[in-house]
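Accompanying notes for the structure given below.
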Amino acid sequence: MVVGSANTDLVITTERFPRPGETLVGRDFLSNRGGKGANQAVAAARLGGDVAFVGKLGTDDYGRQTLAALSEEGIDTRYTLTTGKSHSGIAIITVDAHGENTIIVDGGANSLLSAEDIQSAEELFHEAAIVLMQLETPVEALTAAARLARHHGAFVVLNPAPAPQSPLPAELLENVDLLIPNQTETEAISGIAAGDLQSAKEAIERLRQMGVRNAIITMGGEGVAVGPDATHVPSHPTTVVDTTAAGDTFCGALCTALAQGKELSEAAHFACRAAAVTVSRMGAQQAMPYLRELDGQYSLASTADSPHTPA
């Protein structure tokens with residue numbers, strides 16, 4: 001189960017990022033479905049997950065198109081809500097010649113997701129093995145979701161992206177089983193810059209002291225550090241074209257692998273492989289791989305008879 005945002009991404013490629021007041025010529029414009037929540041839900045569904053999405057859309061064309069697209073991916077949208085009080089979320093993305101990106105998001109309807117909306121979806125929490133969240137929807141809704149997930153015995157995963165500008169509530173962190181920050185987010189939350197495995201280990205310990213039960217720190221091309229001992233899982237070699245949804249693919253893939261019985265490090269290897277496919281292509285959801293595209297050694301065929309709650 002994914003609780004989070006859904007946006008439409010408007011993407012343009014240019015040789016380099018513009019300086020203030022500068023106009024550059026771009027190319028390869030595309031309109032792509034995005035938003036960290038919807039991205040992670042699509043990544044999980046394409047990789048074999050049984051996924052439900054809880055979020056809020058506008059009643060505009062962008063919202064209708066997003067809802068239809070989620071349904072086409074096989075995602076349960078019974079509690080993907082709509083509102084006439086705001087437009088659907090929009091993200092403006094610029095990608096440079098090296099595949100790096102800058103993103104400006106207007107959350108729109110995403111910012112109206114409430115604790116009451118979360119409560120209305122309680123039957124999904126009862127069914128969920130894993131609840132995955134991000135920070136593009138109000139923290140009050142996420143805190144309610146984490147509390148409800150814990151009540152129903154689900155494994156709670158928080159990808160704290162984008163990096164929080166103020167401290168996260170203690171109640172939220174204390175109900176998180178697994179935190180998945182990148183290096184910027186790690187420093188924003190823990191105060192420790194995770195520049196290498198030793199500092200990543202220190203950061204993970206600090207995050208555990210703050211209430212989360214475990215953490216994985218994503219470190220871009222260097223791979224990930226899997227807690228509590230900051231075990232290194234390397235990134236999978238690839239040619240980087242666009243990094244837009246790498247973290248979202250990683251999170252969706254990891255949760256799918258965990259739900260299907262994989263141990264944390266094994267799930268991280270699978271998630272790194274999936275993310276490598278995404279960054280080799282342009283776009284967010286349109287770049288995400290299907291399970292059939294990954295090598296046999298990364299198969300999710302599980303020895304478990306059914307999804308379980310990871311230890």
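Going through the structure tokens in order, the chains are called A, B, and so on, while each chain numbers its residues from 1 and the ligands are numbered from 1 in the order shown.
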
If we count only C-alpha atoms, what is near A:Val241 at a cut-off of 7 Å, once residues fewer than 6 positions away on the same chain are taken out, given as a CSV table (one decimal) with N, CA and C atoms, in the first residue's frame?
chain,number,residue,atom,x,y,z
A,98,HIS,N,24.1,15.6,-18.6
A,98,HIS,CA,24.7,14.5,-17.7
A,98,HIS,C,23.6,13.7,-17.1
A,99,GLY,N,22.3,14.0,-17.3
A,99,GLY,CA,21.3,13.2,-16.7
A,99,GLY,C,20.8,13.7,-15.4
A,279,VAL,N,17.2,4.8,-14.6
A,279,VAL,CA,18.1,5.9,-14.9
A,279,VAL,C,18.7,5.8,-16.3
A,280,SER,N,18.6,4.7,-17.0
A,280,SER,CA,19.1,4.5,-18.3
A,280,SER,C,18.1,5.0,-19.4
A,281,ARG,N,16.9,5.5,-18.9
A,281,ARG,CA,15.9,5.9,-19.9
A,281,ARG,C,15.3,7.3,-19.4
A,282,MET,N,14.7,8.0,-20.3
A,282,MET,CA,14.1,9.3,-20.0
A,282,MET,C,12.8,9.1,-19.3

Practice item. List every residue of stretch 76-153 of chain A that DSSP, applied to the backbone of this structure, places in strand (DSSP E), and write the result as number ranges by chain. Key: A: 80-83, 89-95, 101-106, 130-133

Create the file for the chosen residues now, containing N, CA and C atoms and written as a PDB file, in the first residue's frame.
ATOM      1  N   THR A  80      -8.094   6.349  -3.993  1.00  0.00           N
ATOM      2  CA  THR A  80      -7.438   7.471  -4.640  1.00  0.00           C
ATOM      3  C   THR A  80      -8.509   8.533  -4.822  1.00  0.00           C
ATOM      4  N   LEU A  81      -8.478   9.551  -3.988  1.00  0.00           N
ATOM      5  CA  LEU A  81      -9.576  10.501  -3.863  1.00  0.00           C
ATOM      6  C   LEU A  81      -9.425  11.665  -4.834  1.00  0.00           C
ATOM      7  N   THR A  82     -10.534  12.340  -5.132  1.00  0.00           N
ATOM      8  CA  THR A  82     -10.506  13.538  -5.981  1.00  0.00           C
ATOM      9  C   THR A  82     -11.168  14.696  -5.243  1.00  0.00           C
ATOM     10  N   THR A  83     -10.754  15.923  -5.625  1.00  0.00           N
ATOM     11  CA  THR A  83     -11.313  17.128  -5.024  1.00  0.00           C
ATOM     12  C   THR A  83     -11.422  18.229  -6.061  1.00  0.00           C
ATOM     13  N   GLY A  89      -1.517  17.833  -8.851  1.00  0.00           N
ATOM     14  CA  GLY A  89      -0.117  18.191  -8.682  1.00  0.00           C
ATOM     15  C   GLY A  89       0.634  18.294  -9.992  1.00  0.00           C
ATOM     16  N   ILE A  90       1.551  19.268 -10.075  1.00  0.00           N
ATOM     17  CA  ILE A  90       2.347  19.500 -11.278  1.00  0.00           C
ATOM     18  C   ILE A  90       3.822  19.613 -10.869  1.00  0.00           C
ATOM     19  N   ALA A  91       4.703  19.033 -11.663  1.00  0.00           N
ATOM     20  CA  ALA A  91       6.143  19.170 -11.448  1.00  0.00           C
ATOM     21  C   ALA A  91       6.803  19.645 -12.740  1.00  0.00           C
ATOM     22  N   ILE A  92       7.660  20.661 -12.630  1.00  0.00           N
ATOM     23  CA  ILE A  92       8.437  21.171 -13.762  1.00  0.00           C
ATOM     24  C   ILE A  92       9.860  20.652 -13.600  1.00  0.00           C
ATOM     25  N   ILE A  93      10.334  19.864 -14.563  1.00  0.00           N
ATOM     26  CA  ILE A  93      11.628  19.179 -14.442  1.00  0.00           C
ATOM     27  C   ILE A  93      12.542  19.578 -15.592  1.00  0.00           C
ATOM     28  N   THR A  94      13.768  19.946 -15.251  1.00  0.00           N
ATOM     29  CA  THR A  94      14.800  20.209 -16.248  1.00  0.00           C
ATOM     30  C   THR A  94      15.889  19.152 -16.112  1.00  0.00           C
ATOM     31  N   VAL A  95      16.291  18.552 -17.222  1.00  0.00           N
ATOM     32  CA  VAL A  95      17.330  17.526 -17.224  1.00  0.00           C
ATOM     33  C   VAL A  95      18.500  18.028 -18.052  1.00  0.00           C
ATOM     34  N   ASN A 101      19.036  16.390 -12.705  1.00  0.00           N
ATOM     35  CA  ASN A 101      17.794  17.125 -12.885  1.00  0.00           C
ATOM     36  C   ASN A 101      17.558  18.141 -11.783  1.00  0.00           C
ATOM     37  N   THR A 102      16.751  19.149 -12.097  1.00  0.00           N
ATOM     38  CA  THR A 102      16.180  20.047 -11.096  1.00  0.00           C
ATOM     39  C   THR A 102      14.665  19.938 -11.215  1.00  0.00           C
ATOM     40  N   ILE A 103      13.978  20.036 -10.067  1.00  0.00           N
ATOM     41  CA  ILE A 103      12.535  19.805 -10.040  1.00  0.00           C
ATOM     42  C   ILE A 103      11.869  20.874  -9.192  1.00  0.00           C
ATOM     43  N   ILE A 104      10.809  21.476  -9.715  1.00  0.00           N
ATOM     44  CA  ILE A 104       9.954  22.382  -8.949  1.00  0.00           C
ATOM     45  C   ILE A 104       8.548  21.790  -8.953  1.00  0.00           C
ATOM     46  N   VAL A 105       7.981  21.612  -7.750  1.00  0.00           N
ATOM     47  CA  VAL A 105       6.693  20.946  -7.619  1.00  0.00           C
ATOM     48  C   VAL A 105       5.650  21.906  -7.045  1.00  0.00           C
ATOM     49  N   ASP A 106       4.466  21.929  -7.660  1.00  0.00           N
ATOM     50  CA  ASP A 106       3.288  22.559  -7.071  1.00  0.00           C
ATOM     51  C   ASP A 106       2.354  21.413  -6.702  1.00  0.00           C
ATOM     52  N   ILE A 130       2.771  -4.106   3.775  1.00  0.00           N
ATOM     53  CA  ILE A 130       3.713  -2.984   3.848  1.00  0.00           C
ATOM     54  C   ILE A 130       2.966  -1.705   3.486  1.00  0.00           C
ATOM     55  N   VAL A 131       3.244  -0.625   4.222  1.00  0.00           N
ATOM     56  CA  VAL A 131       2.735   0.707   3.897  1.00  0.00           C
ATOM     57  C   VAL A 131       3.934   1.595   3.609  1.00  0.00           C
ATOM     58  N   LEU A 132       3.992   2.147   2.396  1.00  0.00           N
ATOM     59  CA  LEU A 132       5.106   2.964   1.918  1.00  0.00           C
ATOM     60  C   LEU A 132       4.647   4.410   1.755  1.00  0.00           C
ATOM     61  N   MET A 133       5.433   5.352   2.306  1.00  0.00           N
ATOM     62  CA  MET A 133       5.051   6.768   2.276  1.00  0.00           C
ATOM     63  C   MET A 133       6.255   7.630   1.901  1.00  0.00           C
TER      64      MET A 133
END

Point to revise | Polymer residues at most 7 Å from stretch 165-172 of chain A, only C-alpha atoms, same-chain spacing of 4 or more positions, as a PyMOL selection string | key: chain A and resi 143+146+176+189

Exercise for review: Could you give me, as a ChimeraX atom specification, the residues within 8 Å of A:Leu112, counting only C-alpha atoms and dropping anything in the same chain fewer than 5 positions from it?
Suggested key: /A:56,137-138

Dump as a short mmCIF file (atom, residue, chain, number, x, y, z; two decimals), in the first residue's frame, selection limited to N, CA and C atoms:
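Output saved as selection.cif:
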data_model
loop_
_atom_site.label_atom_id
_atom_site.label_comp_id
_atom_site.auth_asym_id
_atom_site.auth_seq_id
_atom_site.Cartn_x
_atom_site.Cartn_y
_atom_site.Cartn_z
N LYS A 56 -4.61 12.05 -3.33
CA LYS A 56 -5.69 12.97 -3.70
C LYS A 56 -5.33 13.70 -4.98
N THR A 137 3.04 14.80 0.74
CA THR A 137 1.70 15.02 1.25
C THR A 137 1.82 15.48 2.70
N PRO A 138 0.78 16.06 3.29
CA PRO A 138 0.91 16.62 4.64
C PRO A 138 1.38 15.61 5.68
#

Exercise for review: Determine, counting only C-alpha atoms, which protein, DNA and RNA residues have an atom within 9 Å of an atom of A:Asp60; residues of the same chain fewer than 6 positions away are not included. Present the result as a list in words.
Suggested key: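 Close residues of A:Asp60: Gly84, Ser86, His87 and Ser88 of chain A.
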
Now that the selection is made, can you save its residues with all heavy atoms as a CSV table (one decimal), in the first residue's frame?
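New file result33.csv:
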chain,number,residue,atom,x,y,z
A,84,GLY,N,-12.5,19.0,-5.9
A,84,GLY,CA,-12.6,20.2,-6.8
A,84,GLY,C,-12.0,21.4,-6.2
A,84,GLY,O,-12.1,22.5,-6.8
A,86,SER,N,-8.8,22.1,-5.6
A,86,SER,CA,-7.4,22.4,-6.1
A,86,SER,C,-7.2,21.6,-7.4
A,86,SER,O,-7.8,20.6,-7.7
A,86,SER,CB,-6.4,22.0,-5.0
A,86,SER,OG,-5.1,22.4,-5.5
A,87,HIS,N,-6.2,22.1,-8.1
A,87,HIS,CA,-5.7,21.4,-9.3
A,87,HIS,C,-4.9,20.2,-8.9
A,87,HIS,O,-4.4,20.1,-7.8
A,87,HIS,CB,-4.9,22.4,-10.2
A,87,HIS,CG,-3.7,22.9,-9.5
A,87,HIS,ND1,-2.5,22.2,-9.3
A,87,HIS,CD2,-3.5,24.1,-8.8
A,87,HIS,CE1,-1.6,22.9,-8.6
A,87,HIS,NE2,-2.2,24.1,-8.3
A,88,SER,N,-4.7,19.3,-9.8
A,88,SER,CA,-3.8,18.2,-9.6
A,88,SER,C,-2.3,18.6,-9.5
A,88,SER,O,-2.0,19.7,-10.0
A,88,SER,CB,-3.9,17.1,-10.7
A,88,SER,OG,-5.3,16.6,-10.7

**Study point:** Spatial neighbours of A:Ala276, 8 Å, only C-alpha atoms, chain gap at least 6 places, as a list in words
**Key:**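 After dropping sequence-adjacent residues, the list is Ser235, His236, Pro237, Thr238 and Ala246 of chain A.
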
I need the chosen residues saved as a PDB file, in the first residue's frame, with N, CA, C and O atoms.
ATOM      1  N   SER A 235      25.682  -0.085  -6.533  1.00  0.00           N
ATOM      2  CA  SER A 235      24.752   0.197  -7.626  1.00  0.00           C
ATOM      3  C   SER A 235      25.064  -0.719  -8.794  1.00  0.00           C
ATOM      4  O   SER A 235      26.179  -1.241  -8.917  1.00  0.00           O
ATOM      5  N   HIS A 236      24.080  -0.914  -9.651  1.00  0.00           N
ATOM      6  CA  HIS A 236      24.274  -1.765 -10.821  1.00  0.00           C
ATOM      7  C   HIS A 236      24.798  -0.913 -11.969  1.00  0.00           C
ATOM      8  O   HIS A 236      24.259   0.156 -12.246  1.00  0.00           O
ATOM      9  N   PRO A 237      25.859  -1.343 -12.666  1.00  0.00           N
ATOM     10  CA  PRO A 237      26.426  -0.527 -13.747  1.00  0.00           C
ATOM     11  C   PRO A 237      25.405  -0.219 -14.831  1.00  0.00           C
ATOM     12  O   PRO A 237      24.636  -1.081 -15.252  1.00  0.00           O
ATOM     13  N   THR A 238      25.401   1.027 -15.289  1.00  0.00           N
ATOM     14  CA  THR A 238      24.479   1.447 -16.337  1.00  0.00           C
ATOM     15  C   THR A 238      24.951   2.757 -16.925  1.00  0.00           C
ATOM     16  O   THR A 238      25.844   3.414 -16.377  1.00  0.00           O
ATOM     17  N   ALA A 246      14.844   7.528  -9.976  1.00  0.00           N
ATOM     18  CA  ALA A 246      15.692   6.443  -9.486  1.00  0.00           C
ATOM     19  C   ALA A 246      15.319   6.039  -8.066  1.00  0.00           C
ATOM     20  O   ALA A 246      15.165   4.852  -7.755  1.00  0.00           O
TER      21      ALA A 246
END

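Using only C-alpha atoms, the smallest distance between any of A:Asp248, A:Glu100, A:Asp9, A:Glu202 and A:Pro160 comes from A:Asp248.
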
Long-range neighbours of stretch 22-27 of chain A as a PDB file with C-alpha atoms, in the first residue's frame, 8 Å cut-off, only C-alpha atoms, 4 positions minimum in chain:
ATOM      1  CA  ILE A  12      12.519  19.384 -20.867  1.00  0.00           C
ATOM      2  CA  THR A  13      16.152  18.560 -21.615  1.00  0.00           C
ATOM      3  CA  THR A  14      18.865  21.179 -22.046  1.00  0.00           C
ATOM      4  CA  GLU A  15      22.655  21.155 -22.267  1.00  0.00           C
ATOM      5  CA  PRO A  18      20.127  28.058 -16.788  1.00  0.00           C
TER       6      PRO A  18
END

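Shortest atom-to-atom contact with A:Gly227 among A:Pro162, A:Pro181, A:Gly252, A:Gly195: A:Pro181, counting only C-alpha atoms.
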
Exercise for review: Select, from A:Gln285, A:Gly247, A:Glu187, A:Glu205, the residue with the minimum atom-to-atom distance to A:Thr8, counting only C-alpha atoms.
Suggested key: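 Checking each candidate against A:Thr8, we get A:Gln285 as the closest.
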
Practice item. Could you please write out, as a list in words, every residue of stretch 188-231 of chain A that DSSP assigns to alpha helix (DSSP H)? Key: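 Taking stretch 188-231 of chain A and keeping alpha helix (DSSP H) only, one gets Ala188, Ile189, Ser190, Leu197, Gln198, Ser199, Ala200, Lys201, Glu202, Ala203, Ile204, Glu205, Arg206, Leu207, Arg208 and Gln209 of chain A.
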
Take the selection from the previous step and output its residues with N, CA and C atoms, as a PDB file, in the first residue's frame.
ATOM      1  N   ALA A 188      19.638  16.149   6.673  1.00  0.00           N
ATOM      2  CA  ALA A 188      18.570  17.024   7.144  1.00  0.00           C
ATOM      3  C   ALA A 188      17.895  16.463   8.393  1.00  0.00           C
ATOM      4  N   ILE A 189      17.760  15.149   8.481  1.00  0.00           N
ATOM      5  CA  ILE A 189      17.048  14.522   9.602  1.00  0.00           C
ATOM      6  C   ILE A 189      17.974  14.226  10.774  1.00  0.00           C
ATOM      7  N   SER A 190      19.156  13.666  10.465  1.00  0.00           N
ATOM      8  CA  SER A 190      20.046  13.197  11.537  1.00  0.00           C
ATOM      9  C   SER A 190      21.118  14.195  11.927  1.00  0.00           C
ATOM     10  N   LEU A 197      30.719   4.927   4.017  1.00  0.00           N
ATOM     11  CA  LEU A 197      30.031   3.890   4.774  1.00  0.00           C
ATOM     12  C   LEU A 197      30.147   4.093   6.279  1.00  0.00           C
ATOM     13  N   GLN A 198      31.289   4.603   6.740  1.00  0.00           N
ATOM     14  CA  GLN A 198      31.443   4.815   8.176  1.00  0.00           C
ATOM     15  C   GLN A 198      30.480   5.893   8.677  1.00  0.00           C
ATOM     16  N   SER A 199      30.417   7.012   7.959  1.00  0.00           N
ATOM     17  CA  SER A 199      29.492   8.065   8.380  1.00  0.00           C
ATOM     18  C   SER A 199      28.040   7.642   8.167  1.00  0.00           C
ATOM     19  N   ALA A 200      27.795   6.793   7.152  1.00  0.00           N
ATOM     20  CA  ALA A 200      26.444   6.259   6.964  1.00  0.00           C
ATOM     21  C   ALA A 200      26.035   5.401   8.147  1.00  0.00           C
ATOM     22  N   LYS A 201      26.973   4.602   8.655  1.00  0.00           N
ATOM     23  CA  LYS A 201      26.683   3.778   9.832  1.00  0.00           C
ATOM     24  C   LYS A 201      26.347   4.661  11.033  1.00  0.00           C
ATOM     25  N   GLU A 202      27.100   5.742  11.203  1.00  0.00           N
ATOM     26  CA  GLU A 202      26.830   6.672  12.305  1.00  0.00           C
ATOM     27  C   GLU A 202      25.458   7.322  12.138  1.00  0.00           C
ATOM     28  N   ALA A 203      25.126   7.679  10.896  1.00  0.00           N
ATOM     29  CA  ALA A 203      23.826   8.303  10.641  1.00  0.00           C
ATOM     30  C   ALA A 203      22.685   7.333  10.915  1.00  0.00           C
ATOM     31  N   ILE A 204      22.850   6.089  10.504  1.00  0.00           N
ATOM     32  CA  ILE A 204      21.811   5.086  10.739  1.00  0.00           C
ATOM     33  C   ILE A 204      21.600   4.886  12.235  1.00  0.00           C
ATOM     34  N   GLU A 205      22.691   4.843  12.992  1.00  0.00           N
ATOM     35  CA  GLU A 205      22.562   4.709  14.439  1.00  0.00           C
ATOM     36  C   GLU A 205      21.824   5.907  15.036  1.00  0.00           C
ATOM     37  N   ARG A 206      22.140   7.104  14.530  1.00  0.00           N
ATOM     38  CA  ARG A 206      21.454   8.295  15.011  1.00  0.00           C
ATOM     39  C   ARG A 206      19.961   8.236  14.678  1.00  0.00           C
ATOM     40  N   LEU A 207      19.629   7.791  13.482  1.00  0.00           N
ATOM     41  CA  LEU A 207      18.224   7.669  13.093  1.00  0.00           C
ATOM     42  C   LEU A 207      17.494   6.665  13.978  1.00  0.00           C
ATOM     43  N   ARG A 208      18.171   5.591  14.333  1.00  0.00           N
ATOM     44  CA  ARG A 208      17.574   4.601  15.233  1.00  0.00           C
ATOM     45  C   ARG A 208      17.336   5.199  16.616  1.00  0.00           C
ATOM     46  N   GLN A 209      18.252   6.036  17.053  1.00  0.00           N
ATOM     47  CA  GLN A 209      18.069   6.714  18.335  1.00  0.00           C
ATOM     48  C   GLN A 209      16.869   7.657  18.299  1.00  0.00           C
TER      49      GLN A 209
END

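Across the model, the gap from atom CA of A:Glu136 to atom CA of A:Phe17 is 24.0 Å.
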
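When atom CA of A:Thr77 is paired with atom CA of A:Leu264, their separation reads 28.0 Å.
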